[in-house]
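Structure data (mmCIF, C-alpha atoms) from coords06.cif:
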```cif
data_data
loop_
_atom_site.label_atom_id
_atom_site.label_comp_id
_atom_site.auth_asym_id
_atom_site.auth_seq_id
_atom_site.Cartn_x
_atom_site.Cartn_y
_atom_site.Cartn_z
CA MET A 1 104.39 77.96 146.91
CA GLY A 2 107.98 78.87 146.01
CA GLY A 3 109.56 82.23 146.73
CA TYR A 4 109.40 83.44 143.12
CA GLN A 5 105.80 82.32 142.73
CA ALA A 6 104.82 83.88 146.05
CA SER A 7 106.33 87.24 145.11
CA LEU A 8 104.65 87.10 141.70
CA SER A 9 101.31 86.34 143.29
CA ALA A 10 101.76 89.23 145.72
CA ALA A 11 102.55 91.56 142.84
CA CYS A 12 99.27 90.54 141.19
CA GLY A 13 97.30 91.09 144.41
CA ILE A 14 96.71 87.34 144.80
CA ILE A 15 97.00 85.46 148.06
CA PRO A 16 97.01 81.66 148.43
CA SER A 17 94.00 79.94 149.96
CA PRO A 18 94.64 76.16 149.92
CA LEU A 19 91.33 75.28 151.58
CA ILE A 20 89.30 76.46 148.60
CA ALA A 21 90.84 73.99 146.18
CA GLN A 22 89.29 70.98 147.96
CA MET A 23 85.64 71.74 147.13
CA PRO A 24 83.48 72.14 143.99
CA MET A 25 82.58 75.74 143.28
CA LYS A 26 79.86 77.87 141.78
CA VAL A 27 81.54 81.05 140.52
CA LEU A 28 79.82 84.21 139.35
CA GLY A 29 81.65 85.92 136.48
CA ILE A 30 81.38 89.68 135.85
CA GLU A 31 82.72 91.22 132.62
CA THR A 32 82.66 95.03 132.27
CA SER A 33 85.93 95.84 130.53
CA CYS A 34 84.55 97.84 127.61
CA ASP A 35 81.15 98.10 125.92
CA GLU A 36 79.47 94.83 126.88
CA THR A 37 78.12 93.78 130.26
CA GLY A 38 78.50 90.02 130.62
CA ILE A 39 77.40 87.92 133.57
CA ALA A 40 77.65 84.13 133.96
CA LEU A 41 77.48 81.39 136.54
CA TYR A 42 79.96 78.52 136.18
CA ASP A 43 79.90 75.29 138.19
CA SER A 44 83.22 73.44 138.42
CA GLU A 45 81.38 70.09 138.22
CA LYS A 46 78.40 70.85 135.94
CA GLY A 47 79.89 73.49 133.66
CA LEU A 48 78.18 76.69 132.56
CA LEU A 49 74.83 77.03 134.33
CA ALA A 50 73.60 80.33 132.87
CA ASP A 51 74.84 83.51 131.25
CA ALA A 52 73.52 86.83 129.95
CA LEU A 53 74.99 89.62 127.87
CA TYR A 54 74.01 93.23 127.27
CA SER A 55 75.71 95.06 124.41
CA GLN A 56 76.13 98.83 124.29
CA ILE A 57 76.59 98.92 120.50
CA GLU A 58 73.55 101.10 119.87
CA LEU A 59 74.69 103.53 122.57
CA HIS A 60 78.11 104.07 120.98
CA GLN A 61 77.31 103.70 117.27
CA LYS A 62 76.44 107.35 116.72
CA TYR A 63 79.89 108.32 118.04
CA GLY A 64 81.73 105.83 115.81
CA GLY A 65 83.41 104.15 118.80
CA VAL A 66 83.23 103.59 122.53
CA VAL A 67 82.78 106.64 124.78
CA PRO A 68 84.37 105.53 128.11
CA GLU A 69 82.17 107.61 130.42
CA LEU A 70 78.97 106.40 128.77
CA ALA A 71 80.23 102.82 128.93
CA SER A 72 80.87 103.06 132.67
CA ARG A 73 77.44 104.54 133.38
CA ASP A 74 75.73 101.84 131.36
CA HIS A 75 77.58 99.10 133.24
CA ILE A 76 76.31 100.62 136.50
CA ARG A 77 72.77 100.45 135.12
CA LYS A 78 72.91 96.87 133.81
CA THR A 79 75.26 94.78 135.99
CA LEU A 80 72.99 94.10 138.98
CA PRO A 81 69.86 93.34 136.89
CA LEU A 82 71.91 90.89 134.79
CA ILE A 83 73.23 89.19 137.94
CA ARG A 84 69.64 88.69 139.09
CA GLU A 85 68.71 87.38 135.64
CA VAL A 86 71.54 84.84 135.58
CA LEU A 87 70.83 83.61 139.10
CA ASP A 88 67.15 83.20 138.21
CA LYS A 89 68.03 81.26 135.04
CA ALA A 90 70.24 78.92 137.07
CA ASP A 91 67.67 78.65 139.87
CA CYS A 92 70.31 79.81 142.33
CA ALA A 93 70.46 82.38 145.13
CA LEU A 94 73.34 84.64 146.07
CA SER A 95 73.89 82.38 149.08
CA ASP A 96 74.67 79.49 146.68
CA LEU A 97 77.76 81.25 145.32
CA ASP A 98 81.18 79.95 146.33
CA GLY A 99 83.28 82.61 144.59
CA ILE A 100 83.21 85.68 142.37
CA ALA A 101 85.42 86.55 139.41
CA TYR A 102 85.45 89.93 137.70
CA THR A 103 87.49 91.41 134.85
CA ALA A 104 90.31 93.44 136.41
CA GLY A 105 91.96 94.42 133.11
CA PRO A 106 92.99 95.27 130.51
CA GLY A 107 90.15 97.62 129.64
CA LEU A 108 88.63 101.02 130.32
CA ALA A 109 89.48 102.12 133.86
CA GLY A 110 86.01 103.36 134.77
CA ALA A 111 84.28 100.31 133.30
CA LEU A 112 86.65 97.96 135.12
CA LEU A 113 85.95 99.70 138.43
CA VAL A 114 82.22 99.07 138.05
CA GLY A 115 82.64 95.31 137.82
CA GLY A 116 85.39 95.29 140.42
CA SER A 117 83.38 97.31 142.93
CA ILE A 118 80.29 95.15 142.56
CA GLY A 119 82.28 91.91 142.65
CA ARG A 120 84.29 92.89 145.70
CA SER A 121 81.20 94.20 147.54
CA LEU A 122 79.30 90.98 146.93
CA GLY A 123 82.29 88.94 148.03
CA MET A 124 82.63 90.82 151.28
CA THR A 125 78.89 90.63 151.96
CA LEU A 126 78.73 86.89 151.28
CA ASN A 127 82.14 86.20 152.85
CA ILE A 128 83.35 84.28 149.78
CA PRO A 129 86.62 84.57 147.83
CA VAL A 130 86.94 87.05 144.96
CA ILE A 131 89.50 87.18 142.16
CA GLY A 132 90.24 89.71 139.43
CA VAL A 133 90.68 88.03 136.05
CA HIS A 134 92.86 89.07 133.13
CA HIS A 135 90.54 89.80 130.22
CA MET A 136 92.82 88.18 127.64
CA GLU A 137 93.24 85.06 129.78
CA GLY A 138 89.46 84.84 129.71
CA HIS A 139 89.46 84.93 125.90
CA LEU A 140 92.36 82.48 125.74
CA LEU A 141 90.47 79.94 127.86
CA ALA A 142 87.05 80.48 126.24
CA PRO A 143 87.46 77.50 123.84
CA LEU A 144 87.67 75.26 126.94
CA LEU A 145 83.99 75.99 127.51
CA GLU A 146 83.23 73.85 124.45
CA LYS A 147 82.65 70.09 124.77
CA ASN A 148 85.64 69.25 122.60
CA GLY A 149 88.02 71.92 123.82
CA PRO A 150 91.78 71.80 123.26
CA GLU A 151 94.27 69.99 125.42
CA PHE A 152 97.45 71.72 126.62
CA PRO A 153 99.92 72.78 125.34
CA PHE A 154 98.83 74.99 122.44
CA VAL A 155 99.50 78.22 120.59
CA ALA A 156 96.85 80.91 121.06
CA LEU A 157 96.01 83.64 118.54
CA LEU A 158 94.25 86.35 120.54
CA VAL A 159 92.44 88.89 118.37
CA SER A 160 90.26 91.06 120.59
CA GLY A 161 89.72 94.81 120.35
CA GLY A 162 93.07 96.51 120.85
CA HIS A 163 95.00 93.23 121.12
CA THR A 164 96.50 90.91 118.54
CA GLN A 165 98.86 88.40 120.13
CA LEU A 166 100.41 85.00 119.56
CA VAL A 167 100.93 83.21 122.88
CA GLU A 168 102.56 79.89 123.73
CA VAL A 169 100.44 78.18 126.40
CA PRO A 170 101.92 75.12 128.19
CA GLU A 171 99.19 75.30 130.86
CA ILE A 172 96.77 77.74 132.49
CA GLY A 173 98.74 80.65 133.89
CA ARG A 174 101.98 79.99 131.98
CA TYR A 175 102.03 82.32 129.00
CA THR A 176 104.84 83.37 126.69
CA VAL A 177 103.94 86.13 124.23
CA MET A 178 105.67 85.22 120.98
CA GLY A 179 104.35 88.16 118.98
CA GLU A 180 101.94 91.07 119.31
CA SER A 181 100.65 94.15 117.51
CA LEU A 182 103.13 97.01 117.42
CA ASP A 183 100.50 99.61 116.51
CA ASP A 184 96.92 99.04 115.35
CA ALA A 185 95.51 95.64 116.30
CA ALA A 186 93.38 93.72 113.81
CA GLY A 187 90.11 94.67 115.51
CA GLU A 188 91.04 98.36 115.51
CA ALA A 189 91.94 98.15 111.82
CA PHE A 190 88.57 96.58 111.01
CA ASP A 191 86.80 99.42 112.86
CA LYS A 192 88.76 102.12 111.05
CA VAL A 193 88.33 100.55 107.61
CA ALA A 194 84.61 100.19 108.28
CA LYS A 195 84.44 103.92 108.91
CA MET A 196 86.26 104.59 105.60
CA LEU A 197 83.66 102.48 103.81
CA GLY A 198 80.71 104.17 105.50
CA LEU A 199 79.89 101.21 107.75
CA PRO A 200 78.73 101.39 111.38
CA TYR A 201 80.63 100.46 114.53
CA PRO A 202 81.77 97.80 115.38
CA GLY A 203 83.45 97.29 112.03
CA GLY A 204 84.37 93.59 111.93
CA PRO A 205 80.98 92.01 111.16
CA HIS A 206 80.01 94.80 108.74
CA VAL A 207 83.25 94.62 106.76
CA ALA A 208 82.88 90.83 106.52
CA LYS A 209 79.30 91.18 105.29
CA LEU A 210 80.25 93.83 102.72
CA ALA A 211 83.12 91.63 101.49
CA GLU A 212 80.86 88.69 100.57
CA PRO A 213 80.13 89.85 96.96
CA GLY A 214 83.67 91.24 96.56
CA THR A 215 85.74 90.47 93.48
CA PRO A 216 88.87 88.43 94.29
CA GLY A 217 92.03 89.88 92.79
CA ARG A 218 90.76 93.30 91.78
CA PHE A 219 92.88 94.93 94.50
CA ASP A 220 96.16 93.56 95.82
CA PHE A 221 96.73 94.66 99.42
CA PRO A 222 100.02 94.11 101.30
CA ARG A 223 100.45 91.45 103.98
CA PRO A 224 102.24 93.59 106.59
CA MET A 225 105.46 92.40 108.26
CA THR A 226 105.39 89.02 106.51
CA ASN A 227 108.47 89.72 104.37
CA ARG A 228 110.69 89.73 107.45
CA PRO A 229 111.24 87.18 110.24
CA GLY A 230 109.33 87.40 113.50
CA LEU A 231 105.84 87.01 114.90
CA ASP A 232 104.83 90.62 115.60
CA PHE A 233 101.90 92.28 113.84
CA SER A 234 101.34 95.74 112.41
CA PHE A 235 98.10 96.81 110.75
CA SER A 236 98.60 100.57 110.67
CA GLY A 237 100.20 100.51 107.22
CA LEU A 238 97.45 98.26 105.86
CA LYS A 239 94.90 100.73 107.19
CA THR A 240 96.68 103.58 105.39
CA PHE A 241 96.91 101.53 102.18
CA THR A 242 93.16 100.91 102.39
CA MET A 243 92.46 104.62 102.90
CA ASN A 244 94.55 105.52 99.84
CA THR A 245 92.75 102.88 97.77
CA VAL A 246 89.39 104.29 98.84
CA GLU A 247 90.38 107.82 97.84
CA LYS A 248 91.85 106.75 94.48
CA ASN A 249 88.70 104.92 93.45
CA LYS A 250 86.11 107.53 94.32
CA VAL A 251 84.15 109.02 91.43
CA ASN A 252 82.81 112.46 92.23
CA GLY A 253 83.71 111.80 95.85
CA VAL A 254 81.76 108.52 96.06
CA LEU A 255 82.62 104.82 95.87
CA ASP A 256 80.26 102.61 93.88
CA GLU A 257 78.87 99.58 95.71
CA GLN A 258 80.97 96.97 93.90
CA THR A 259 84.17 98.89 94.59
CA ARG A 260 83.26 99.12 98.29
CA ALA A 261 82.77 95.35 98.35
CA ASP A 262 86.01 94.72 96.44
CA ILE A 263 88.01 96.88 98.88
CA ALA A 264 86.40 95.15 101.87
CA TRP A 265 87.27 91.75 100.34
CA ALA A 266 90.89 92.74 99.69
CA PHE A 267 91.33 94.15 103.19
CA GLN A 268 89.81 91.14 104.92
CA GLU A 269 91.91 88.80 102.78
CA ALA A 270 95.09 90.68 103.68
CA VAL A 271 94.35 90.50 107.42
CA ALA A 272 93.49 86.79 107.25
CA ASP A 273 96.57 85.93 105.15
CA THR A 274 98.82 87.85 107.53
CA MET A 275 97.50 85.90 110.51
CA VAL A 276 97.83 82.60 108.68
CA ILE A 277 101.48 83.31 107.83
CA LYS A 278 102.27 84.30 111.41
CA CYS A 279 100.44 81.28 112.90
CA ARG A 280 102.30 78.92 110.57
CA ARG A 281 105.54 80.47 111.82
CA ALA A 282 104.35 80.10 115.43
CA PHE A 283 103.84 76.37 114.84
CA LYS A 284 107.39 76.04 113.57
CA HIS A 285 108.82 78.25 116.32
CA SER A 286 107.09 76.42 119.17
CA GLY A 287 106.97 72.92 117.74
CA LEU A 288 103.28 72.77 118.74
CA LYS A 289 100.45 71.71 116.44
CA ARG A 290 97.37 72.95 118.29
CA LEU A 291 96.11 76.45 117.54
CA VAL A 292 93.48 78.21 119.63
CA MET A 293 91.91 81.33 118.14
CA ALA A 294 89.88 83.57 120.45
CA GLY A 295 88.55 87.12 120.74
CA GLY A 296 86.04 89.09 118.71
CA VAL A 297 87.84 88.76 115.37
CA SER A 298 87.86 84.96 115.79
CA ALA A 299 84.21 85.06 114.71
CA ASN A 300 85.35 86.03 111.19
CA LEU A 301 84.44 83.09 108.96
CA ARG A 302 87.09 83.81 106.31
CA LEU A 303 89.81 83.81 108.98
CA ARG A 304 88.49 80.54 110.39
CA GLU A 305 88.45 78.99 106.94
CA LYS A 306 92.01 79.99 106.11
CA LEU A 307 93.42 78.99 109.51
CA ALA A 308 91.69 75.60 109.26
CA ILE A 309 93.39 74.97 105.91
CA MET A 310 96.77 76.01 107.32
CA ALA A 311 96.36 73.79 110.40
CA LYS A 312 95.48 70.80 108.22
CA GLU A 313 98.49 71.43 105.97
CA GLU A 314 100.74 71.49 109.05
CA GLY A 315 99.19 68.34 110.52
CA GLY A 316 97.69 70.40 113.35
CA GLU A 317 94.34 71.24 114.90
CA LEU A 318 92.34 74.46 115.16
CA TYR A 319 90.06 75.35 118.06
CA TYR A 320 87.86 78.37 118.71
CA PRO A 321 84.92 79.24 120.97
CA GLY A 322 81.31 79.27 119.85
CA PHE A 323 80.15 82.57 118.39
CA ALA A 324 78.50 83.58 121.67
CA TYR A 325 81.85 83.44 123.45
CA CYS A 326 84.06 85.14 120.84
CA THR A 327 83.17 88.65 121.96
CA ASP A 328 83.41 89.82 125.56
CA ASN A 329 81.26 87.65 127.82
CA GLY A 330 80.84 86.65 131.44
CA ALA A 331 81.27 82.91 130.83
CA MET A 332 84.96 83.18 130.01
CA ILE A 333 85.57 85.28 133.14
CA ALA A 334 83.63 82.86 135.36
CA TYR A 335 85.59 79.92 133.95
CA ALA A 336 89.01 81.56 134.23
CA GLY A 337 88.21 82.76 137.74
CA CYS A 338 86.95 79.35 138.77
CA MET A 339 90.17 77.68 137.65
CA ARG A 340 92.24 80.09 139.75
CA LEU A 341 89.99 79.85 142.79
CA LEU A 342 90.13 76.05 142.61
CA ALA A 343 93.92 76.33 142.55
CA GLY A 344 93.75 78.18 145.85
CA GLN A 345 94.24 81.72 144.60
CA GLN A 346 92.15 84.72 145.63
CA ASP A 347 92.59 88.48 145.89
CA ASP A 348 93.11 90.51 149.00
CA LEU A 349 90.48 93.14 149.86
CA SER A 350 91.60 95.62 147.22
CA ILE A 351 89.66 96.31 144.02
CA LEU A 352 91.87 95.67 141.00
CA ALA A 353 91.57 97.82 137.89
CA LYS A 354 94.49 97.49 135.48
CA PRO A 355 93.82 99.23 132.14
CA ARG A 356 97.17 97.81 130.99
CA TRP A 357 98.23 94.39 132.19
CA ASN A 358 100.95 92.12 130.83
CA LEU A 359 99.62 88.58 130.36
CA GLU A 360 103.03 87.10 131.14
CA THR A 361 102.96 88.45 134.73
CA LEU A 362 100.11 86.17 135.77
CA PRO A 363 100.96 83.41 138.26
CA SER A 364 100.58 79.82 137.10
CA LEU A 365 98.15 77.41 138.74
CA SER A 366 100.81 74.84 139.60
#
```
What's the structure tokens form of this structure?
Amino acid sequence: MGGYQASLSAACGIIPSPLIAQMPMKVLGIETSCDETGIALYDSEKGLLADALYSQIELHQKYGGVVPELASRDHIRKTLPLIREVLDKADCALSDLDGIAYTAGPGLAGALLVGGSIGRSLGMTLNIPVIGVHHMEGHLLAPLLEKNGPEFPFVALLVSGGHTQLVEVPEIGRYTVMGESLDDAAGEAFDKVAKMLGLPYPGGPHVAKLAEPGTPGRFDFPRPMTNRPGLDFSFSGLKTFTMNTVEKNKVNGVLDEQTRADIAWAFQEAVADTMVIKCRRAFKHSGLKRLVMAGGVSANLRLREKLAIMAKEEGGELYYPGFAYCTDNGAMIAYAGCMRLLAGQQDDLSILAKPRWNLETLPSLS
């Protein structure tokens, strides 16, 4: 390991362990970054053995968003039972584990500490290596869980919660952020527009459902930051435009059902078109023709449809994870952690919790 790489690894709390890379591994993945508890067991030779997910949506819906303290307490309640469930599904014991991966960030500090504490404690008890995984690297690699996953290099569109990013990916661990959200991310904008339209949290699926009977062309929403060069995103202005449209079209303080659907359609179309324009630019900027889309918003069917058309027009390919692995899940963390453990990386004895964490600071596997 070169001097630069060694210093970078040290800065990330990672130490080399060359002996690990010579053996197949069963890695337990623990995801507790926000409002979903995800556990999975990944085998480097056999693939995903088992996974389980518990969502806190019902817990947070009445508040219109995630309450961090409640999220942390619920992770404490559910993580160990889900670990037992996954091990039972895979017909494995704790003693069969060769490594543990947990989400170290970005995310809610308290929620991250739950997964980190449990992962580190199990690792010390079992005397096996442990590694903290970058949540967005997990999403970025989730399409590789599919049978026909993408080959490297590719461009990744990451649309998860508070993140909207375009990343050039030559290989695992080498990431160049080409563009990102300067204010509201796409997922945040969906949540806020859902609230304007009287829809529950989380907003993405509900806005998409409401948009289905929408009238194309009734409302013309802006495609933010597409009339200037660059690959950054901004959805704050689109959110404000939507709010103004809602207020202008109320009759006696109420929107009729068709108008609600038409606004949802126009908003969703504007978000999808904006991403298509930026991804087309990313193809031209990078010279690459493979696009990976991952994160919660990647489950949006209209976005998938439009990006597939764009990729075909550009002579490229589009990849995304199955619906089960679009939102936060343990499988993506187990896979990402397994790749790093196989490369000989592992953490020291500290528990990592990085609510903010730059993807570009991660060490490569080579």
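Of the listed residues (A:Thr32, A:Asn244, A:Ser234, A:Ser44), A:Thr32 comes nearest to A:Arg73; the distances count all atoms listed in the file.
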Quick one: contact table of stretch 196-312 of chain A to stretch 57-67 of chain A, 9 Å max, nearest atom pair and distance in Å to one decimal per residue, counting only C-alpha atoms, chain and number order, as JSON lines?
```
{"residue": "A:Pro200", "atom": "CA", "partner": "A:Gln61", "partner_atom": "CA", "distance": 6.5}
{"residue": "A:Tyr201", "atom": "CA", "partner": "A:Gln61", "partner_atom": "CA", "distance": 5.4}
{"residue": "A:Pro202", "atom": "CA", "partner": "A:Ile57", "partner_atom": "CA", "distance": 7.4}
```
Extract, using only C-alpha atoms, all DNA, RNA and protein residues at most 9 Å from A:Ile118, discarding same-chain residues fewer than 5 positions from it, and format them as a PDB file with C-alpha atoms, keeping the file's coordinate frame.
```pdb
ATOM      1  CA  ILE A  30      81.380  89.680 135.850  1.00  0.00           C
ATOM      2  CA  THR A  79      75.260  94.780 135.990  1.00  0.00           C
ATOM      3  CA  LEU A  80      72.990  94.100 138.980  1.00  0.00           C
ATOM      4  CA  TYR A 102      85.450  89.930 137.700  1.00  0.00           C
ATOM      5  CA  LEU A 113      85.950  99.700 138.430  1.00  0.00           C
ATOM      6  CA  GLY A 123      82.290  88.940 148.030  1.00  0.00           C
TER       7      GLY A 123
END
```
>> My list of candidates is A:Val276, A:Leu352, A:Leu362, A:Ala331. Which is closest to A:Glu313 when distances are computed with all atoms listed in the file?
In response: A:Val276
When the PyMOL selection byres ((chain A and resi 154) around 6) is applied to the file above, which residues end up in the set, as an mmCIF file with C-alpha atoms, in the coordinates of the input?
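Written file, part22.cif:
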```cif
data_model
loop_
_atom_site.group_PDB
_atom_site.id
_atom_site.type_symbol
_atom_site.label_atom_id
_atom_site.label_comp_id
_atom_site.auth_asym_id
_atom_site.auth_seq_id
_atom_site.Cartn_x
_atom_site.Cartn_y
_atom_site.Cartn_z
ATOM 1 C CA PHE A 152 97.450 71.720 126.620
ATOM 2 C CA PRO A 153 99.920 72.780 125.340
ATOM 3 C CA VAL A 155 99.500 78.220 120.590
ATOM 4 C CA VAL A 169 100.440 78.180 126.400
ATOM 5 C CA ARG A 290 97.370 72.950 118.290
ATOM 6 C CA LEU A 291 96.110 76.450 117.540
#
```
> Any chance you could work out the residue set of the PyMOL selection byres ((chain A and resi 356) around 9) here, as JSON, numbers by chain?
Replying inline: {"A": [105, 106, 107, 353, 354, 355, 357, 358]}
Work out where the centre of an axis-aligned box around every listed atom of stretch 121-131 of chain A lies and how long its edges are once 4 Å is added on each side; give both in Å to one decimal as JSON.
```
{"center_x": 84.1, "center_y": 89.2, "center_z": 147.5, "size_x": 18.8, "size_y": 17.9, "size_z": 18.7}
```
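Take the PyMOL selection byres ((chain A and resi 182) around 12) and apply it to this file: it picks Gly162, His163, Thr164, Gln165, Gly179, Glu180, Ser181, Asp183, Asp184, Ala185, Ala186, Pro224, Met225, Leu231, Asp232, Phe233, Ser234, Phe235, Ser236 and Gly237 of chain A.
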>> Given all atoms listed in the file as the basis, pick out the residue of A:Gly116, A:Gly287, A:Pro129, A:Gly204 nearest to A:Arg340.
In response: A:Pro129
